[in-house]
$ cat upload28.txt   # compact mmCIF, C-alpha atoms and all ligand atoms
# COMPACT_ATOMS: atom_id res chain seq x y z
CA MET A 1 -34.22 38.66 83.43
CA ASN A 2 -34.25 36.46 80.36
CA ARG A 3 -35.22 38.19 77.16
CA SER A 4 -36.19 36.47 73.98
CA LEU A 5 -36.37 37.70 70.48
CA ARG A 6 -38.93 35.92 68.39
CA VAL A 7 -38.43 36.02 64.70
CA LEU A 8 -40.75 34.67 62.08
CA VAL A 9 -39.44 33.74 58.69
CA ALA A 10 -42.35 33.89 56.28
CA GLY A 11 -42.03 33.51 52.52
CA GLY A 12 -38.40 34.51 52.53
CA SER A 13 -39.06 37.79 54.35
CA LEU A 14 -38.09 38.40 57.91
CA ALA A 15 -40.84 39.70 60.18
CA LEU A 16 -40.13 40.77 63.70
CA VAL A 17 -43.01 39.42 65.74
CA SER A 18 -42.19 40.35 69.27
CA LEU A 19 -39.15 42.17 70.43
CA LEU A 20 -37.91 41.94 73.97
CA ALA A 21 -40.77 39.77 75.23
CA ALA A 22 -39.87 38.70 78.75
CA ALA A 23 -39.37 34.99 79.30
CA PRO A 24 -40.18 33.79 82.82
CA ASN A 25 -37.40 33.17 85.30
CA PRO A 26 -36.82 29.43 85.74
CA ALA A 27 -38.71 27.58 88.47
CA ILE A 28 -37.12 26.94 91.87
CA THR A 29 -37.71 23.55 93.45
CA ASP A 30 -35.04 23.76 96.13
CA GLU A 31 -36.37 24.96 99.49
CA THR A 32 -33.04 26.63 100.33
CA LYS A 33 -33.51 28.95 97.31
CA VAL A 34 -36.85 30.37 98.51
CA PRO A 35 -36.17 34.08 99.06
CA PRO A 36 -37.29 35.95 102.17
CA TYR A 37 -40.81 37.31 101.67
CA THR A 38 -43.44 39.18 103.65
CA LEU A 39 -47.05 38.05 103.55
CA PRO A 40 -49.74 40.73 103.50
CA GLU A 41 -51.90 40.61 106.65
CA PRO A 42 -55.41 39.21 106.28
CA LEU A 43 -56.60 41.18 109.29
CA VAL A 44 -55.18 44.63 108.56
CA CYS A 45 -57.13 46.87 106.18
CA ALA A 46 -55.45 48.72 103.34
CA ASP A 47 -55.68 51.92 105.40
CA GLY A 48 -53.81 50.23 108.25
CA THR A 49 -56.83 49.66 110.52
CA PRO A 50 -56.60 46.34 112.36
CA VAL A 51 -59.64 44.05 112.08
CA ARG A 52 -60.77 42.87 115.50
CA THR A 53 -64.35 41.78 114.90
CA VAL A 54 -66.26 39.56 112.50
CA ALA A 55 -68.47 42.54 111.70
CA MET A 56 -65.51 44.57 110.54
CA TRP A 57 -64.04 41.67 108.60
CA GLU A 58 -67.33 41.16 106.78
CA ALA A 59 -68.14 44.83 106.21
CA LYS A 60 -64.71 46.15 105.33
CA ARG A 61 -61.75 43.81 104.98
CA ARG A 62 -63.42 40.87 103.23
CA PRO A 63 -64.89 43.04 100.43
CA GLU A 64 -61.57 44.85 100.14
CA LEU A 65 -59.69 41.55 99.65
CA ARG A 66 -62.30 40.20 97.23
CA GLY A 67 -61.89 43.43 95.28
CA LEU A 68 -58.11 43.02 95.14
CA PHE A 69 -58.33 39.39 93.97
CA THR A 70 -60.87 40.49 91.37
CA ARG A 71 -58.79 43.35 90.04
CA GLU A 72 -55.30 41.90 90.29
CA VAL A 73 -55.68 38.14 89.90
CA TYR A 74 -58.89 36.57 88.55
CA GLY A 75 -60.79 39.41 86.89
CA ARG A 76 -64.37 40.60 87.22
CA THR A 77 -67.36 38.26 87.32
CA PRO A 78 -70.41 39.68 85.52
CA ALA A 79 -72.83 41.06 88.11
CA SER A 80 -76.05 40.00 86.44
CA LEU A 81 -77.27 36.60 85.31
CA PRO A 82 -78.27 35.89 81.71
CA ALA A 83 -81.98 36.59 81.27
CA ALA A 84 -82.37 33.23 79.52
CA LEU A 85 -80.97 31.17 82.43
CA ARG A 86 -83.06 28.03 82.87
CA PHE A 87 -82.75 24.40 83.91
CA GLU A 88 -83.90 21.48 81.83
CA VAL A 89 -83.81 18.08 83.51
CA THR A 90 -83.09 15.90 80.50
CA ALA A 91 -82.77 12.46 82.14
CA VAL A 92 -83.41 10.77 85.47
CA ASP A 93 -82.50 7.13 86.06
CA ARG A 94 -83.44 5.88 89.51
CA GLY A 95 -81.74 2.54 88.94
CA ALA A 96 -78.24 3.74 88.07
CA LEU A 97 -75.04 1.98 89.20
CA GLY A 98 -76.76 -1.31 89.88
CA GLY A 99 -79.70 0.38 91.60
CA THR A 100 -77.59 2.08 94.28
CA ALA A 101 -77.94 5.57 92.85
CA THR A 102 -80.08 7.99 90.92
CA ARG A 103 -78.42 9.59 87.91
CA LYS A 104 -79.74 12.98 86.83
CA GLU A 105 -78.68 15.04 83.86
CA VAL A 106 -79.61 18.70 83.71
CA THR A 107 -78.90 21.16 80.94
CA VAL A 108 -78.40 24.65 82.29
CA TRP A 109 -79.21 27.05 79.48
CA PHE A 110 -77.53 30.44 79.45
CA ALA A 111 -78.95 31.64 76.13
CA ALA A 112 -82.37 31.38 74.52
CA LYS A 113 -80.99 29.90 71.28
CA ALA A 114 -80.84 26.11 71.02
CA ASP A 115 -77.19 26.36 69.88
CA GLY A 116 -76.33 29.00 72.49
CA ALA A 117 -74.16 28.72 75.58
CA ARG A 118 -75.16 25.98 78.02
CA MET A 119 -73.65 23.47 80.37
CA HIS A 120 -74.54 19.89 81.16
CA LEU A 121 -74.68 19.00 84.83
CA LEU A 122 -74.37 15.34 85.83
CA ILE A 123 -75.55 14.29 89.29
CA TYR A 124 -75.45 10.96 91.12
CA GLN A 125 -77.28 10.76 94.42
CA PRO A 126 -77.39 7.76 96.74
CA ASN A 127 -80.69 5.87 96.82
CA GLY A 128 -82.29 5.13 100.16
CA ARG A 129 -81.41 8.31 102.01
CA LYS A 130 -84.20 9.66 104.21
CA THR A 131 -82.97 13.25 104.03
CA PRO A 132 -81.64 15.38 101.17
CA ALA A 133 -78.07 14.42 100.28
CA PRO A 134 -75.11 16.77 100.81
CA VAL A 135 -73.23 17.24 97.57
CA PHE A 136 -69.66 17.26 96.28
CA LEU A 137 -69.65 19.52 93.24
CA GLY A 138 -66.66 19.93 90.92
CA LEU A 139 -65.66 20.59 87.34
CA ASN A 140 -64.14 17.83 85.23
CA PHE A 141 -61.43 17.99 82.56
CA PHE A 142 -62.63 15.66 79.80
CA GLY A 143 -66.41 15.63 79.74
CA ASN A 144 -68.99 14.17 82.10
CA HIS A 145 -68.53 10.73 80.57
CA SER A 146 -64.94 10.72 81.87
CA VAL A 147 -65.92 10.57 85.56
CA HIS A 148 -67.50 7.10 85.45
CA ALA A 149 -67.74 4.27 82.93
CA ASP A 150 -71.57 4.22 83.31
CA PRO A 151 -72.80 3.89 79.68
CA GLY A 152 -75.87 5.96 80.61
CA ILE A 153 -73.90 9.21 80.84
CA ARG A 154 -74.46 11.44 77.84
CA LEU A 155 -71.24 11.85 75.88
CA ALA A 156 -69.72 15.31 75.94
CA SER A 157 -69.95 17.29 72.78
CA PRO A 158 -67.83 18.40 71.02
CA PHE A 159 -66.05 15.20 71.81
CA ILE A 160 -62.49 15.69 72.91
CA TYR A 161 -60.18 12.82 72.46
CA TYR A 162 -58.30 11.76 75.54
CA ASP A 163 -54.75 10.70 75.02
CA ALA A 164 -51.99 10.52 77.63
CA ASP A 165 -53.77 13.06 79.83
CA ARG A 166 -53.91 15.75 77.16
CA TYR A 167 -56.81 17.38 75.36
CA ARG A 168 -56.87 16.51 71.69
CA PRO A 169 -59.79 17.83 69.72
CA ALA A 170 -61.13 14.94 67.71
CA ALA A 171 -61.41 15.39 63.95
CA PRO A 172 -65.07 15.65 62.91
CA GLY A 173 -66.55 12.19 62.57
CA THR A 174 -64.04 10.52 64.91
CA PRO A 175 -65.88 7.59 66.45
CA VAL A 176 -66.28 7.89 70.18
CA LYS A 177 -64.32 5.09 71.72
CA SER A 178 -66.06 3.33 74.54
CA GLU A 179 -62.82 3.25 76.52
CA GLN A 180 -62.99 7.03 76.76
CA ARG A 181 -65.79 6.56 79.25
CA GLY A 182 -64.53 6.62 82.80
CA VAL A 183 -60.96 7.69 81.93
CA HIS A 184 -60.94 9.82 85.08
CA ALA A 185 -63.08 7.49 87.22
CA GLU A 186 -60.18 6.91 89.62
CA LYS A 187 -60.03 10.65 90.27
CA TRP A 188 -63.75 10.81 91.09
CA GLN A 189 -64.31 7.72 93.28
CA ILE A 190 -68.05 8.05 92.75
CA GLU A 191 -69.01 4.76 94.45
CA ALA A 192 -67.01 5.74 97.56
CA VAL A 193 -68.69 9.14 97.70
CA LEU A 194 -72.16 7.60 97.32
CA ALA A 195 -71.44 4.89 99.89
CA ARG A 196 -70.82 7.58 102.49
CA GLY A 197 -74.22 9.16 101.74
CA PHE A 198 -73.05 12.05 99.58
CA ALA A 199 -74.22 13.01 96.13
CA THR A 200 -71.72 13.99 93.46
CA ALA A 201 -72.28 16.60 90.76
CA THR A 202 -70.06 17.65 87.90
CA VAL A 203 -69.81 19.86 84.82
CA TRP A 204 -67.22 19.76 82.05
CA CYS A 205 -65.11 22.94 82.27
CA HIS A 206 -65.09 23.17 78.47
CA ASP A 207 -68.86 23.83 78.44
CA LEU A 208 -68.09 27.09 80.24
CA CYS A 209 -64.81 28.09 78.66
CA PRO A 210 -62.66 25.84 76.47
CA ASP A 211 -59.20 25.54 78.01
CA ARG A 212 -57.23 27.27 75.28
CA VAL A 213 -56.31 30.87 74.48
CA GLY A 214 -59.19 31.18 72.00
CA GLY A 215 -61.61 29.89 74.66
CA LEU A 216 -62.22 33.42 75.90
CA GLY A 217 -64.03 34.08 72.62
CA GLU A 218 -66.36 31.10 73.09
CA ASN A 219 -69.19 29.83 75.31
CA VAL A 220 -69.69 31.84 78.52
CA PRO A 221 -67.03 34.55 77.94
CA ALA A 222 -68.54 35.11 74.46
CA LEU A 223 -72.00 35.42 76.00
CA PHE A 224 -70.78 38.35 78.09
CA ALA A 225 -68.46 39.64 75.33
CA THR A 226 -65.66 40.17 77.85
CA GLY A 227 -62.91 40.01 75.21
CA GLY A 228 -60.18 37.67 74.05
CA ALA A 229 -57.04 36.79 76.04
CA GLU A 230 -55.12 39.81 74.74
CA GLN A 231 -57.94 42.20 73.77
CA ARG A 232 -59.80 42.24 77.11
CA ALA A 233 -59.57 44.93 79.78
CA GLY A 234 -56.88 44.44 82.45
CA ASP A 235 -59.45 43.40 85.03
CA ALA A 236 -61.70 41.35 82.70
CA TRP A 237 -62.09 37.73 83.72
CA GLY A 238 -60.27 34.76 82.25
CA ALA A 239 -61.06 31.06 82.17
CA MET A 240 -60.79 30.77 85.98
CA GLY A 241 -63.55 33.37 86.32
CA ALA A 242 -65.81 31.67 83.80
CA TRP A 243 -65.22 28.25 85.39
CA ALA A 244 -66.02 29.62 88.86
CA TRP A 245 -69.13 31.29 87.44
CA GLY A 246 -70.29 27.94 86.09
CA LEU A 247 -69.90 26.35 89.53
CA SER A 248 -72.23 29.02 90.89
CA ARG A 249 -74.75 28.27 88.13
CA ALA A 250 -74.59 24.59 89.09
CA MET A 251 -75.30 25.72 92.64
CA ASP A 252 -78.33 27.63 91.34
CA TYR A 253 -79.73 24.33 90.07
CA LEU A 254 -78.81 22.34 93.20
CA ALA A 255 -80.75 24.89 95.27
CA THR A 256 -83.92 24.00 93.33
CA ASP A 257 -83.65 20.22 93.80
CA PRO A 258 -85.44 19.05 96.98
CA GLU A 259 -83.55 15.74 96.95
CA LEU A 260 -80.25 17.55 97.49
CA ASP A 261 -79.10 19.56 100.51
CA ALA A 262 -78.14 22.95 99.10
CA ARG A 263 -76.92 24.06 102.53
CA ARG A 264 -74.25 21.36 102.37
CA VAL A 265 -72.56 21.68 99.03
CA ALA A 266 -68.79 21.16 99.05
CA VAL A 267 -67.13 22.62 95.98
CA HIS A 268 -63.96 20.75 95.05
CA GLY A 269 -61.37 20.70 92.33
CA PHE A 270 -58.06 19.28 91.26
CA SER A 271 -55.20 21.31 89.87
CA ARG A 272 -56.40 24.07 87.51
CA LEU A 273 -59.95 23.18 88.44
CA GLY A 274 -58.97 23.43 92.12
CA LYS A 275 -57.95 27.03 91.47
CA ALA A 276 -61.39 27.63 89.92
CA ALA A 277 -63.13 25.96 92.88
CA LEU A 278 -61.25 28.20 95.31
CA TRP A 279 -62.23 31.32 93.43
CA ALA A 280 -65.85 30.11 93.29
CA ALA A 281 -65.95 29.52 97.07
CA ALA A 282 -64.25 32.86 97.77
CA GLN A 283 -66.97 34.67 95.84
CA ASP A 284 -70.09 32.60 96.47
CA GLU A 285 -70.93 32.00 100.12
CA ARG A 286 -73.55 29.39 99.26
CA PHE A 287 -70.67 26.91 98.95
CA ALA A 288 -70.55 25.52 102.46
CA MET A 289 -67.17 23.76 102.11
CA LEU A 290 -64.11 23.88 99.87
CA VAL A 291 -61.79 21.02 98.99
CA SER A 292 -58.75 21.60 96.79
CA MET A 293 -56.21 19.06 95.60
CA GLY A 294 -52.88 20.13 94.09
CA SER A 295 -54.28 23.56 93.20
CA GLY A 296 -50.81 25.12 93.35
CA CYS A 297 -50.00 28.51 91.83
CA GLY A 298 -53.09 30.74 91.67
CA GLY A 299 -54.73 28.17 93.98
CA ALA A 300 -53.80 27.39 97.58
CA ALA A 301 -50.02 27.89 97.23
CA LEU A 302 -48.37 31.14 98.29
CA SER A 303 -47.13 33.06 95.24
CA LYS A 304 -44.45 34.98 97.12
CA ARG A 305 -42.44 31.82 97.80
CA ILE A 306 -41.81 31.58 94.05
CA TYR A 307 -41.37 27.82 94.50
CA GLY A 308 -42.45 25.54 91.67
CA GLU A 309 -44.80 27.18 89.19
CA THR A 310 -44.58 30.97 89.39
CA VAL A 311 -46.89 33.81 88.34
CA ALA A 312 -44.76 34.48 85.26
CA ILE A 313 -44.62 30.82 84.26
CA ILE A 314 -48.37 30.31 84.63
CA ASN A 315 -49.28 33.51 82.78
CA ASP A 316 -46.86 32.66 80.01
CA LYS A 317 -48.16 29.12 79.54
CA PHE A 318 -51.84 29.87 80.15
CA PRO A 319 -52.42 33.50 79.09
CA HIS A 320 -56.18 32.94 79.21
CA TRP A 321 -56.53 31.70 82.81
CA PHE A 322 -56.21 34.87 84.90
CA ALA A 323 -56.89 38.59 84.47
CA LYS A 324 -54.34 40.39 82.33
CA ASN A 325 -53.52 42.53 85.38
CA PHE A 326 -52.02 39.43 87.03
CA ARG A 327 -49.19 39.68 84.49
CA ARG A 328 -47.98 42.83 86.28
CA TYR A 329 -46.57 40.47 88.89
CA ASN A 330 -44.64 38.26 86.48
CA ASP A 331 -41.35 37.71 88.32
CA ARG A 332 -42.42 40.54 90.67
CA GLU A 333 -44.35 38.52 93.25
CA SER A 334 -43.05 40.74 96.05
CA GLU A 335 -45.22 43.53 94.61
CA LEU A 336 -48.45 41.51 94.77
CA PRO A 337 -50.83 43.31 97.17
CA VAL A 338 -52.38 39.94 98.12
CA ASP A 339 -51.31 36.34 98.50
CA GLN A 340 -53.23 33.10 98.37
CA HIS A 341 -53.63 32.66 102.16
CA GLN A 342 -55.98 35.63 101.90
CA LEU A 343 -58.00 33.90 99.20
CA LEU A 344 -58.38 30.94 101.57
CA ALA A 345 -59.33 33.36 104.35
CA LEU A 346 -62.24 34.59 102.21
CA ILE A 347 -63.78 31.14 102.68
CA ALA A 348 -63.91 31.53 106.51
CA PRO A 349 -65.72 30.37 108.57
CA ARG A 350 -66.70 27.59 106.15
CA PRO A 351 -64.77 24.30 106.35
CA LEU A 352 -61.74 24.34 104.09
CA TYR A 353 -59.60 21.34 103.12
CA VAL A 354 -56.32 21.78 101.29
CA ALA A 355 -54.53 18.69 99.99
CA SER A 356 -51.13 18.28 98.38
CA ALA A 357 -49.03 15.45 96.99
CA HIS A 358 -45.42 15.19 98.10
CA GLY A 359 -44.13 14.45 94.60
CA ASP A 360 -45.95 17.45 93.13
CA SER A 361 -43.30 20.10 93.69
CA TRP A 362 -44.75 22.11 90.78
CA SER A 363 -47.79 22.83 93.00
CA ASP A 364 -45.56 23.59 96.04
CA PRO A 365 -47.01 21.40 98.83
CA ARG A 366 -45.31 23.49 101.53
CA GLY A 367 -46.68 26.67 99.96
CA GLU A 368 -50.16 25.11 100.05
CA PHE A 369 -49.77 24.20 103.73
CA LEU A 370 -48.54 27.73 104.50
CA GLY A 371 -51.48 29.15 102.53
CA ALA A 372 -53.89 27.21 104.74
CA GLN A 373 -51.98 28.25 107.86
CA GLY A 374 -52.06 31.89 106.81
CA ALA A 375 -55.87 31.79 106.71
CA GLU A 376 -56.08 30.70 110.38
CA PRO A 377 -56.33 34.17 111.97
CA VAL A 378 -59.59 34.82 110.12
CA TYR A 379 -61.00 31.43 111.19
CA ALA A 380 -59.91 32.26 114.75
CA LEU A 381 -61.87 35.52 114.55
CA TYR A 382 -64.97 33.35 114.08
CA GLY A 383 -63.89 31.11 116.97
CA LYS A 384 -62.95 28.29 114.59
CA LYS A 385 -59.94 26.07 115.13
CA GLY A 386 -57.74 25.79 112.06
CA LEU A 387 -55.02 23.24 111.38
CA GLY A 388 -54.15 22.58 115.02
CA VAL A 389 -50.45 22.14 114.20
CA ASN A 390 -47.63 24.65 113.93
CA ALA A 391 -45.52 22.79 111.41
CA MET A 392 -46.25 20.89 108.24
CA PRO A 393 -47.41 17.37 109.16
CA GLY A 394 -45.61 14.25 107.98
CA LEU A 395 -46.65 12.39 104.87
CA ASP A 396 -50.11 10.81 104.81
CA THR A 397 -51.00 12.40 108.14
CA PRO A 398 -54.22 14.41 107.85
CA VAL A 399 -54.56 17.24 110.36
CA GLY A 400 -56.97 19.98 111.22
CA ALA A 401 -60.38 20.99 112.51
CA THR A 402 -62.20 23.59 110.37
CA ILE A 403 -59.13 23.86 108.15
CA GLY A 404 -57.91 20.42 107.11
CA TYR A 405 -54.69 19.47 105.35
CA HIS A 406 -52.78 16.44 104.17
CA ASN A 407 -49.70 15.82 102.07
CA ARG A 408 -50.05 12.46 100.35
CA THR A 409 -47.21 10.27 99.16
CA GLY A 410 -47.10 10.24 95.37
CA LYS A 411 -47.67 12.47 92.42
CA HIS A 412 -50.02 15.17 91.06
CA ASP A 413 -53.33 13.31 91.11
CA VAL A 414 -56.53 12.74 93.11
CA THR A 415 -56.63 9.25 94.56
CA ALA A 416 -58.84 6.99 96.66
CA TYR A 417 -56.70 7.99 99.66
CA ASP A 418 -57.43 11.69 99.02
CA TRP A 419 -61.16 11.04 98.71
CA ALA A 420 -61.20 9.05 101.95
CA GLN A 421 -59.76 12.11 103.74
CA PHE A 422 -62.19 14.53 102.05
CA LEU A 423 -65.11 12.32 103.10
CA ASN A 424 -63.80 11.96 106.67
CA PHE A 425 -63.49 15.74 106.86
CA ALA A 426 -66.98 16.34 105.47
CA GLU A 427 -68.51 13.80 107.86
CA ARG A 428 -66.72 15.41 110.78
CA CYS A 429 -67.82 18.93 109.84
CA TRP A 430 -71.33 17.87 108.89
CA PRO A 431 -72.39 15.13 111.33
CA ARG A 432 -75.56 13.36 110.24
C1 LIG B 501 -50.17 22.47 84.79
C2 LIG B 501 -50.21 23.84 85.37
C3 LIG B 501 -50.67 23.79 86.78
C4 LIG B 501 -51.85 22.86 87.00
C5 LIG B 501 -51.85 21.66 86.07
C6 LIG B 501 -53.19 20.94 85.90
O1 LIG B 501 -49.68 22.43 83.50
O2 LIG B 501 -48.94 24.37 85.27
O3 LIG B 501 -50.96 25.11 87.24
O4 LIG B 501 -53.03 23.55 86.90
O5 LIG B 501 -51.46 21.98 84.81
O6 LIG B 501 -54.25 21.54 85.81
O7 LIG B 501 -53.12 19.71 85.81

$ encode --input "upload28.txt" --output "structure tokens"
Amino acid sequence: MNRSLRVLVAGGSLALVSLLAAAPNPAITDETKVPPYTLPEPLVCADGTPVRTVAMWEAKRRPELRGLFTREVYGRTPASLPAALRFEVTAVDRGALGGTATRKEVTVWFAAKADGARMHLLIYQPNGRKTPAPVFLGLNFFGNHSVHADPGIRLASPFIYYDADRYRPAAPGTPVKSEQRGVHAEKWQIEAVLARGFATATVWCHDLCPDRVGGLGENVPALFATGGAEQRAGDAWGAMGAWAWGLSRAMDYLATDPELDARRVAVHGFSRLGKAALWAAAQDERFAMLVSMGSGCGGAALSKRIYGETVAIINDKFPHWFAKNFRRYNDRESELPVDQHQLLALIAPRPLYVASAHGDSWSDPRGEFLGAQGAEPVYALYGKKGLGVNAMPGLDTPVGATIGYHNRTGKHDVTAYDWAQFLNFAERCWPR
């Protein structure tokens, strides 16, 4: 194991900051280097009892697995809702996007104070539908104004400057550049989603928990006083937990809107926000479908393969994302009592779509496919057909019934091709 000695030279004196802090083992991206591993069984309880019925899965094994993911990986989600929770519809434009859509903006208040924790939910729904629209709901990286160039979208605040795909907090007074609008429009494909009759809804992850170590002392984590990245209890939540919690609060609003079909809400996410979407769907059964793209380590990819990003690497780089307990498995993945196929199994029998990009070895496409495959026994218990293939399909070849999968040519991204597959899958699972 690599060990590093960090030394701080301050004002001529030598201060030892951290002695013998473990540095993560380097990443493997060569399939022949994947060590042998054993996956924990989704359908065998901790006491060794095999699960043969849906009733037993739901009464015993599913809560047991949720408990393990809570304690060892993502941390606890507060059990009660803030007393001040309320929805304020701040804007409705029935003539958005050239009259094809209705744009709604809703502030979801978590605290009574006007400057307290809140999130802004942006919704587009297609005009002209006779029935309530099914919804794709997901978090965004750079503010609601990043998902479409529509000048009617309220600008996120505090404004975060977008530069070469990195967050850069803007200095106070930085003028908002109009070209910041729609910087992630390609990743959202809003017109394509609307054209197929779906609504789209989004929240900026930063509203819930800023994506930095100090974020656990702000916004939603601060509201629940769950503690900073280092000070919190071992099983306290991290940013993933707060992000997933926010998706459930968005769902609370969607369930009140008669123009939207709350029984058909697909929660989706890309990369770190795909991990959050998975955890949201695993906990909240109101999400009727899950779609993840390049969610990788702590998402759909098996941890025990230690291919690409590992538990140690992710905890080292993002100490605020997961529960502190997850660090116990840094470079000790074989000791993890769970693996990510069991997280996917928690979504059964709801439709589940896992997508990878071939060039995204950091997210381990094969590990994501194997994660989806490992969830199949639980889908089978419900009489649902999973992937329908035994081996990883070729590039750009979507497969699957209730569990869908594709491995796209190209890099870590969400593209028009990916959205076309998500929409095909949703239409197939939810015929009009
Ligand atoms: C990377 C991280 C991945 C993935 C990605 C993203 O730096 O290592 O786990 O989440 O960021 O969110 O784009």

$ residues_around --input "upload28.txt" --residues "A:His341" --least-positions-apart "4" --cutoff "6 Å" --atoms "all atoms listed in the file" --output "list in words"
Gly371, Gly374 and Ala375 of chain A

$ write_last_selection --input "upload28.txt" --atoms "C-alpha atoms" --output "PDB file, in the frame of the given file"
ATOM      1  CA  GLY A 371     -51.480  29.150 102.530  1.00  0.00           C
ATOM      2  CA  GLY A 374     -52.060  31.890 106.810  1.00  0.00           C
ATOM      3  CA  ALA A 375     -55.870  31.790 106.710  1.00  0.00           C
TER       4      ALA A 375
END

$ residues_near_ligand --input "upload28.txt" --ligand "ligand LIG 501 (chain B)" --cutoff "9 Å" --atoms "all atoms listed in the file" --output "ChimeraX atom specification"
/A:141,165,270-275,294-299,309-310,313-314,317-318,362-363,412-413

$ closest_residue --input "upload28.txt" --among "A:Leu85, A:Ala239, A:Ala323, A:Val147" --to "A:Trp109" --atoms "all atoms listed in the file"
A:Leu85

$ residues_near_point --input "upload28.txt" --point "(-59.2, 35.0, 89.8)" --cutoff "10 Å" --atoms "all atoms listed in the file" --output "PyMOL selection string"
chain A and resi 66+68-77+235-242+244+275-276+278-280+282-283+298-299+321-323+326+343

$ closest_atom_pairs --input "upload28.txt" --of "stretch 332-373 of chain A" --to "stretch 23-37 of chain A" --cutoff "12 Å" --atoms "all atoms listed in the file" --output "CSV"
residue,atom,partner,partner_atom,distance
A:Arg332,CA,A:Asn25,CA,10.4
A:Glu333,CA,A:Tyr37,CA,9.2
A:Ser334,CA,A:Tyr37,CA,7.0
A:Glu335,CA,A:Tyr37,CA,10.4
A:Leu336,CA,A:Tyr37,CA,11.1
A:Asp339,CA,A:Tyr37,CA,11.0
A:Gly359,CA,A:Thr29,CA,11.2
A:Asp360,CA,A:Thr29,CA,10.3
A:Ser361,CA,A:Thr29,CA,6.6
A:Trp362,CA,A:Thr29,CA,7.7
A:Ser363,CA,A:Thr29,CA,10.1
A:Asp364,CA,A:Thr29,CA,8.3
A:Pro365,CA,A:Thr29,CA,11.0
A:Arg366,CA,A:Glu31,CA,9.3
A:Gly367,CA,A:Glu31,CA,10.5

$ closest_residue --input "upload28.txt" --among "A:Cys209, A:Leu43, A:Val51, A:Leu223" --to "A:Ala111" --atoms "all atoms listed in the file"
A:Leu223

$ atom_distance --input "upload28.txt" --atom1 "atom CA of A:Ala225" --atom2 "atom CA of A:Glu285"
26.1 Å

$ atom_distance --input "upload28.txt" --atom1 "atom CA of A:Pro132" --atom2 "atom CA of A:Ala83"
29.1 Å

$ atom_distance --input "upload28.txt" --atom1 "atom CA of A:Leu194" --atom2 "atom CA of A:Arg408"
22.8 Å

$ closest_residue --input "upload28.txt" --among "A:Gln189, A:Thr38, A:Thr102, A:Thr131" --to "A:Ala262" --atoms "only C-alpha atoms"
A:Thr131

$ residues_around --input "upload28.txt" --residues "A:Asp93" --least-positions-apart "6" --cutoff "9 Å" --atoms "only C-alpha atoms" --output "list in words"
Ala101, Thr102, Arg103, Lys104 and Gly152 of chain A

$ closest_residue --input "upload28.txt" --among "A:Asn325, A:Gln340, A:Ser146, A:Gln373" --to "A:Lys304" --atoms "only C-alpha atoms"
A:Gln340

$ residues_near_point --input "upload28.txt" --point "(-60.0, 29.2, 109.1)" --cutoff "8 Å" --atoms "all atoms listed in the file" --output "list of chain:residue names"
A:Leu344, A:Ala345, A:Ile347, A:Ala348, A:Pro349, A:Arg350, A:Pro351, A:Leu352, A:Ala372, A:Ala375, A:Glu376, A:Pro377, A:Val378, A:Tyr379, A:Ala380, A:Lys384, A:Lys385, A:Gly386, A:Thr402, A:Ile403

$ closest_residue --input "upload28.txt" --among "A:Leu81, A:Ala301, A:Val291, A:Ala401" --to "A:Phe422" --atoms "only C-alpha atoms"
A:Val291

$ closest_atom_pairs --input "upload28.txt" --of "stretch 247-322 of chain A" --to "stretch 89-92 of chain A" --cutoff "12 Å" --atoms "all atoms listed in the file" --output "tab-separated table"
residue	atom	partner	partner_atom	distance
A:Tyr253	CA	A:Val89	CA	9.9
A:Leu254	CA	A:Val89	CA	11.7
A:Thr256	CA	A:Val89	CA	11.5
A:Asp257	CA	A:Val89	CA	10.5

$ residues_around --input "upload28.txt" --residues "A:Arg154" --least-positions-apart "2" --cutoff "9 Å" --atoms "all atoms listed in the file" --output "PyMOL selection string"
chain A and resi 105+122+144-145+151-152+156-157

$ closest_residue --input "upload28.txt" --among "A:Gly269, A:Pro50, A:Gly383, A:Gly182" --to "A:Gly143" --atoms "all atoms listed in the file"
A:Gly182
